[in-house]
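Novice: If it helps, the file is called structure.tsv and holds TSV, C-alpha atoms and all ligand atoms:
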chain	number	residue	atom	x	y	z
Y	122	MET	CA	-24.56	-4.71	13.46
Y	123	LEU	CA	-27.45	-2.32	12.74
Y	124	HIS	CA	-27.22	1.31	13.90
Y	125	THR	CA	-30.63	2.98	13.58
Y	126	PHE	CA	-31.14	6.76	13.67
Y	127	GLU	CA	-34.21	8.95	13.92
Y	128	ASN	CA	-33.52	10.71	10.62
Y	129	GLY	CA	-30.86	11.35	8.00
Y	130	THR	CA	-29.39	14.32	9.86
Y	131	ALA	CA	-28.86	12.30	13.04
Y	132	LEU	CA	-27.34	9.48	10.98
Y	133	ALA	CA	-24.97	11.89	9.20
Y	134	GLU	CA	-23.76	13.28	12.53
Y	135	GLY	CA	-23.44	9.85	14.18
Y	136	LEU	CA	-21.58	8.35	11.25
Y	137	ALA	CA	-19.29	11.39	11.00
Y	138	ASP	CA	-18.40	10.94	14.69
Y	139	ALA	CA	-17.62	7.23	14.24
Y	140	VAL	CA	-15.53	7.84	11.13
Y	141	ARG	CA	-13.66	10.74	12.70
Y	142	ALA	CA	-12.82	8.59	15.73
Y	143	ARG	CA	-11.45	5.78	13.55
Y	144	LEU	CA	-9.38	8.17	11.42
Y	145	ALA	CA	-8.02	9.91	14.55
Y	146	ALA	CA	-7.03	6.52	16.04
Y	147	ALA	CA	-5.16	5.63	12.84
Y	148	ILE	CA	-3.33	8.97	12.85
Y	149	ASN	CA	-2.35	8.42	16.49
Y	150	ALA	CA	-1.15	4.89	15.74
Y	151	ARG	CA	0.76	5.42	12.48
Y	152	GLY	CA	0.67	9.09	11.58
Y	153	ALA	CA	-1.70	8.61	8.63
Y	154	ALA	CA	-5.24	7.48	7.84
Y	155	SER	CA	-7.22	6.39	4.79
Y	156	ILE	CA	-10.89	6.37	3.84
Y	157	ALA	CA	-12.74	5.18	0.73
Y	158	VAL	CA	-16.24	6.57	0.26
Y	159	SER	CA	-19.18	5.91	-2.06
Y	160	GLY	CA	-21.01	8.21	-4.41
Y	161	GLY	CA	-24.70	8.32	-5.21
Y	162	SER	CA	-27.41	10.41	-3.59
Y	163	THR	CA	-27.19	9.05	-0.04
Y	164	PRO	CA	-23.86	10.28	1.41
Y	165	LYS	CA	-24.14	14.06	0.82
Y	166	ALA	CA	-25.23	15.04	4.38
Y	167	PHE	CA	-22.69	12.65	5.89
Y	168	PHE	CA	-19.92	14.20	3.77
Y	169	GLN	CA	-20.92	17.68	4.88
Y	170	ALA	CA	-20.95	16.62	8.55
Y	171	LEU	CA	-17.58	14.85	8.28
Y	172	SER	CA	-16.00	17.85	6.52
Y	173	GLN	CA	-16.62	19.88	9.67
Y	174	ARG	CA	-14.99	17.47	12.12
Y	175	GLU	CA	-11.70	18.54	13.66
Y	176	LEU	CA	-8.94	16.17	12.64
Y	177	ASP	CA	-5.38	16.39	11.30
Y	178	TRP	CA	-6.84	16.17	7.80
Y	179	ALA	CA	-3.48	16.75	6.10
Y	180	LYS	CA	-2.65	13.19	7.22
Y	181	VAL	CA	-5.81	11.71	5.71
Y	182	THR	CA	-6.03	10.18	2.23
Y	183	VAL	CA	-9.52	10.07	0.72
Y	184	THR	CA	-10.52	7.97	-2.27
Y	185	LEU	CA	-13.67	6.42	-3.75
Y	186	VAL	CA	-14.91	2.84	-3.58
Y	187	ASP	CA	-16.10	3.32	-7.18
Y	188	GLU	CA	-16.34	5.94	-9.89
Y	189	ARG	CA	-17.91	6.51	-13.27
Y	190	PHE	CA	-15.55	6.78	-16.25
Y	191	VAL	CA	-16.28	10.50	-16.50
Y	192	PRO	CA	-14.19	13.57	-15.62
Y	193	GLN	CA	-14.73	15.46	-12.37
Y	194	GLU	CA	-16.71	18.19	-14.17
Y	195	ASN	CA	-19.41	15.70	-15.17
Y	196	GLU	CA	-22.46	15.99	-12.91
Y	197	ARG	CA	-22.40	12.21	-12.32
Y	198	SER	CA	-18.78	12.18	-11.16
Y	199	ASN	CA	-18.34	10.80	-7.64
Y	200	HIS	CA	-15.12	12.85	-7.44
Y	201	GLY	CA	-17.20	15.98	-8.08
Y	202	LEU	CA	-19.62	15.03	-5.29
Y	203	VAL	CA	-16.77	14.45	-2.83
Y	204	ALA	CA	-14.97	17.65	-3.87
Y	205	GLN	CA	-18.10	19.74	-3.31
Y	206	ASN	CA	-19.25	18.14	-0.07
Y	207	LEU	CA	-16.39	16.40	1.74
Y	208	LEU	CA	-13.15	18.10	0.70
Y	209	GLN	CA	-14.36	21.35	2.24
Y	210	ASN	CA	-14.11	23.15	5.61
Y	211	GLU	CA	-11.73	21.27	7.97
Y	212	ALA	CA	-11.35	18.44	5.45
Y	213	ALA	CA	-10.09	20.73	2.69
Y	214	LYS	CA	-6.54	19.72	3.68
Y	215	ALA	CA	-7.13	16.01	2.98
Y	216	HIS	CA	-5.29	14.35	0.10
Y	217	PHE	CA	-7.66	12.98	-2.55
Y	218	VAL	CA	-6.72	10.10	-4.86
Y	219	PRO	CA	-9.08	9.88	-7.86
Y	220	LEU	CA	-10.00	6.66	-9.65
Y	221	TYR	CA	-10.82	8.45	-12.92
Y	222	HIS	CA	-7.91	9.20	-15.23
Y	223	ALA	CA	-8.21	10.91	-18.61
Y	224	ALA	CA	-7.04	7.79	-20.44
Y	225	ALA	CA	-8.13	6.59	-23.88
Y	226	THR	CA	-10.02	3.65	-22.37
Y	227	ALA	CA	-11.56	2.78	-19.01
Y	228	GLU	CA	-9.23	-0.22	-18.91
Y	229	GLU	CA	-6.19	2.07	-19.03
Y	230	ALA	CA	-7.77	4.33	-16.41
Y	231	ALA	CA	-8.27	1.31	-14.12
Y	232	THR	CA	-4.62	0.34	-14.52
Y	233	LEU	CA	-3.52	3.89	-13.68
Y	234	ALA	CA	-5.91	3.98	-10.72
Y	235	SER	CA	-4.59	0.66	-9.39
Y	236	GLN	CA	-1.07	2.09	-9.57
Y	237	SER	CA	-1.93	5.31	-7.75
Y	238	VAL	CA	-4.06	3.73	-5.01
Y	239	ALA	CA	-1.30	1.22	-4.23
Y	240	ALA	CA	0.50	4.05	-2.41
Y	241	ILE	CA	-2.39	4.45	0.05
Y	242	GLY	CA	-1.50	1.34	2.04
Y	243	THR	CA	-3.74	-1.50	3.13
Y	244	PRO	CA	-6.21	-2.17	4.57
Y	245	PHE	CA	-8.26	1.03	4.46
Y	246	ASP	CA	-8.93	2.48	7.88
Y	247	VAL	CA	-12.50	3.28	6.84
Y	248	VAL	CA	-14.71	2.16	3.95
Y	249	VAL	CA	-18.22	3.57	3.59
Y	250	LEU	CA	-20.32	1.56	1.15
Y	251	GLY	CA	-23.70	2.43	-0.30
Y	252	MET	CA	-26.28	0.10	-1.83
Y	253	GLY	CA	-28.52	0.49	-4.84
Y	254	THR	CA	-32.10	-0.76	-4.92
Y	255	ASP	CA	-30.87	-3.53	-7.25
Y	256	GLY	CA	-28.58	-4.81	-4.48
Y	257	HIS	CA	-25.35	-3.44	-5.94
Y	258	THR	CA	-22.58	-2.02	-3.80
Y	259	ALA	CA	-19.48	-0.22	-5.04
Y	260	SER	CA	-19.85	-1.06	-8.77
Y	261	PHE	CA	-20.62	-4.71	-8.15
Y	262	PHE	CA	-23.75	-4.69	-10.32
Y	263	PRO	CA	-26.07	-7.63	-10.95
Y	264	GLY	CA	-25.24	-8.74	-14.49
Y	265	GLY	CA	-21.98	-6.77	-14.45
Y	266	THR	CA	-19.43	-7.79	-17.07
Y	267	ARG	CA	-16.75	-8.50	-14.46
Y	268	LEU	CA	-18.91	-9.15	-11.41
Y	269	LYS	CA	-17.55	-12.65	-10.81
Y	270	GLU	CA	-13.98	-11.37	-10.83
Y	271	ALA	CA	-14.82	-8.29	-8.74
Y	272	ILE	CA	-16.32	-10.25	-5.84
Y	273	ASP	CA	-13.92	-13.21	-6.01
Y	274	PRO	CA	-11.82	-13.01	-2.80
Y	275	ALA	CA	-8.85	-14.30	-4.81
Y	276	THR	CA	-8.90	-11.27	-7.13
Y	277	PRO	CA	-6.12	-8.96	-5.91
Y	278	ARG	CA	-6.64	-5.56	-4.38
Y	279	GLY	CA	-6.97	-2.81	-6.96
Y	280	VAL	CA	-9.35	-1.16	-9.38
Y	281	ILE	CA	-11.10	-2.89	-12.28
Y	282	THR	CA	-13.67	-1.82	-14.86
Y	283	MET	CA	-17.33	-2.81	-14.80
Y	284	GLU	CA	-20.14	-2.44	-17.30
Y	285	ALA	CA	-23.76	-3.22	-16.53
Y	286	GLU	CA	-27.19	-2.31	-17.79
Y	287	GLY	CA	-28.13	-0.51	-14.57
Y	288	ALA	CA	-24.83	1.31	-14.26
Y	289	GLY	CA	-25.07	3.97	-16.96
Y	290	GLU	CA	-21.45	4.86	-17.67
Y	291	ILE	CA	-18.57	2.39	-17.58
Y	292	ARG	CA	-17.46	2.09	-13.98
Y	293	LEU	CA	-14.15	1.87	-12.15
Y	294	THR	CA	-14.43	-0.09	-8.92
Y	295	PHE	CA	-12.23	-1.37	-6.15
Y	296	THR	CA	-12.40	-5.14	-5.89
Y	297	PHE	CA	-14.03	-6.98	-3.00
Y	298	SER	CA	-10.62	-7.90	-1.54
Y	299	SER	CA	-9.68	-4.21	-1.36
Y	300	LEU	CA	-12.71	-3.18	0.68
Y	301	GLN	CA	-13.79	-6.10	2.86
Y	302	ASP	CA	-11.10	-5.82	5.55
Y	303	ALA	CA	-11.36	-2.11	6.38
Y	304	GLY	CA	-10.74	-1.14	10.00
Y	305	LEU	CA	-14.25	0.30	10.02
Y	306	LEU	CA	-16.50	-1.18	7.33
Y	307	VAL	CA	-19.80	0.69	6.99
Y	308	LEU	CA	-22.90	0.18	4.86
Y	309	HIS	CA	-24.82	3.48	4.77
Y	310	ILE	CA	-28.43	3.20	3.60
Y	311	GLU	CA	-31.51	5.34	4.12
Y	312	GLY	CA	-35.25	4.86	3.63
Y	313	ASP	CA	-37.72	2.00	4.00
Y	314	GLY	CA	-37.12	0.89	0.42
Y	315	LYS	CA	-33.42	0.25	1.06
Y	316	LYS	CA	-34.26	-1.54	4.31
Y	317	GLU	CA	-36.49	-3.91	2.37
Y	318	VAL	CA	-33.71	-4.45	-0.17
Y	319	LEU	CA	-31.36	-5.22	2.72
Y	320	ALA	CA	-33.83	-7.75	4.16
Y	321	ARG	CA	-33.97	-9.49	0.77
Y	322	ALA	CA	-30.19	-9.50	0.56
Y	323	GLU	CA	-29.94	-11.05	4.02
Y	324	ALA	CA	-32.18	-13.94	2.91
Y	325	PRO	CA	-30.70	-16.97	1.12
Y	326	GLY	CA	-29.94	-16.43	-2.56
Y	327	ASP	CA	-27.25	-16.01	-5.16
Y	328	GLU	CA	-24.60	-13.34	-4.62
Y	329	ALA	CA	-24.70	-12.56	-8.34
Y	330	GLU	CA	-28.35	-11.50	-8.01
Y	331	MET	CA	-27.61	-9.10	-5.13
Y	332	PRO	CA	-23.86	-8.47	-4.92
Y	333	ILE	CA	-24.16	-6.69	-1.55
Y	334	ARG	CA	-24.45	-10.28	-0.26
Y	335	ALA	CA	-20.71	-10.69	-0.79
Y	336	MET	CA	-20.11	-8.02	1.86
Y	337	LEU	CA	-22.88	-9.23	4.16
Y	338	ARG	CA	-21.64	-12.82	4.06
Y	339	ARG	CA	-17.92	-12.78	3.49
Y	340	ALA	CA	-16.36	-9.52	4.66
Y	341	THR	CA	-13.72	-10.29	7.30
Y	342	SER	CA	-14.48	-7.02	9.09
Y	343	PRO	CA	-17.87	-6.75	10.76
Y	344	LEU	CA	-20.24	-4.77	8.55
Y	345	GLN	CA	-21.66	-1.81	10.46
Y	346	ILE	CA	-25.01	-0.93	8.93
Y	347	TYR	CA	-26.10	2.70	9.39
Y	348	TRP	CA	-29.78	3.25	8.60
Y	349	ALA	CA	-32.36	6.01	9.00
Y	350	PRO	CA	-35.92	6.20	7.62
Y	401	LIG	O1	-24.07	3.85	-8.46
Y	401	LIG	C1	-23.88	4.08	-7.31
Y	401	LIG	O2	-24.91	3.91	-6.45
Y	401	LIG	C2	-24.69	3.45	-5.14
Y	401	LIG	C3	-25.93	3.83	-4.34
Y	401	LIG	O3	-26.37	5.11	-4.73
Y	401	LIG	P1	-27.64	5.84	-4.10
Y	401	LIG	O4	-27.90	6.99	-5.02
Y	401	LIG	O5	-28.77	4.87	-4.05
Y	401	LIG	O6	-27.21	6.29	-2.73
Y	401	LIG	C4	-23.40	3.99	-4.55
Y	401	LIG	O7	-23.11	3.30	-3.37
Y	401	LIG	C5	-22.25	3.83	-5.54
Y	401	LIG	O8	-21.03	4.35	-5.00
Y	401	LIG	C6	-22.59	4.58	-6.78
Y	401	LIG	O9	-21.54	4.48	-7.72
Step by step, read the file and then write its structure as structure tokens.
Ligand SMILES: O=C1O[C@H](COP(=O)(O)O)[C@@H](O)[C@H](O)[C@H]1O
Specialist:
Amino acid sequence: MLHTFENGTALAEGLADAVRARLAAAINARGAASIAVSGGSTPKAFFQALSQRELDWAKVTVTLVDERFVPQENERSNHGLVAQNLLQNEAAKAHFVPLYHAAATAEEAATLASQSVAAIGTPFDVVVLGMGTDGHTASFFPGGTRLKEAIDPATPRGVITMEAEGAGEIRLTFTFSSLQDAGLLVLHIEGDGKKEVLARAEAPGDEAEMPIRAMLRRATSPLQIYWAP
């Protein structure tokens, strides 16, 4: 389903309302809620809007759908972005579970991340995905070293490593099976360029060329697409 907004500010507010409602419903139902968010340039205004929503944030666990193998202090860290923009204001009381660990290798960090995220419980109440202009989502990159494994529905829930030409640093990413059944599954994109990329992804073609297709075609939860020009 496509949710269209007049501009990025209206989208940020609308998405923050929808996410808050889903997290509040989870807290009412089981006393806890979970959300996995994306990094990149798109979600900043949404994070700031969500951070101001009233909610029993102490009962909310926040994590990332993917991360670079860099410490929080690195300017490209998704953890850093979330710490500065989401884990503020009302949401400062939320519990954050990082994917990055200061391990000797990204492989070890992924193992540690898989162990720590296992305590969050499944499925996620909310997953907010982004999409790159190359059709990647999370760190499911075209040409990624472990793309086939990452988007295989038989690959267990957890965090694996990914390397790809367009990715820069080595990545840590939740697998497709971890994300595709969220209570609220959102794809947040902005701009005409991303809308054109989405249209290409919705056309027939190989999932390996545009890995967002795995979510568009095979997610068991309906994908809610939030878009603004
Ligand atoms: O590499 C990444 O990029 C995508 C999209 O980023 P954007 O800057 O085009 O919004 C993001 O969804 C992903 O989490 C991030 O690691």
Novice: Which chains and residue numbers are within 8 Å of ligand LIG 401 (chain Y), counting only C-alpha atoms and all ligand atoms, if I want them as a list in words?
Specialist: Val158, Ser159, Gly160, Gly161, Ser162, Thr163, Pro164, Leu185, Val186, Asp187, Glu188, Arg189, Asn199, Leu250, Gly251, Met252, Gly253, Thr254, His257, Thr258, Ala259, Ser260, Ala288, Arg292 and Ile310 of chain Y
Novice: So that I can see what lies close to stretch 273-282 of chain Y, please list as a ChimeraX atom specification the residues with an atom at most 6 Å from it, counting all atoms listed in the file and leaving out residues fewer than 4 positions away in the same chain.
Specialist: /Y:231,235,292-296,298-299
Novice: Tell me, in Å to one decimal, how far atom CA of Y:Arg143 is from atom CA of Y:Val318.
Specialist: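 Atom CA of Y:Val318 lies at a distance of 28.1 Å from atom CA of Y:Arg143.
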Novice: Of the candidates Y:Leu344, Y:Ala213, Y:Ala137, Y:Leu176, which shows the shortest atom-to-atom distance to Y:Asn149, using only C-alpha atoms?
Specialist: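 Counting only C-alpha atoms, the residue closest to Y:Asn149 is Y:Leu176.
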Novice: For Y:Ala133, which of Y:Glu328, Y:Thr243, Y:Ala146, Y:Ala349 is the closest residue, counting all atoms listed in the file?
Specialist: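 Among the listed residues, Y:Ala349 lies closest to Y:Ala133.
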Novice: Using atom CA of Y:Leu220 and atom CA of Y:Gly201 as the two end points, give the distance in Å to one decimal.
Specialist: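 Taking atom CA of Y:Leu220 and atom CA of Y:Gly201, their separation equals 11.9 Å.
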Novice: What does the structure give for the distance between atom CA of Y:Glu270 and atom CA of Y:Gln193, in Å to one decimal?
Specialist: 26.9 Å
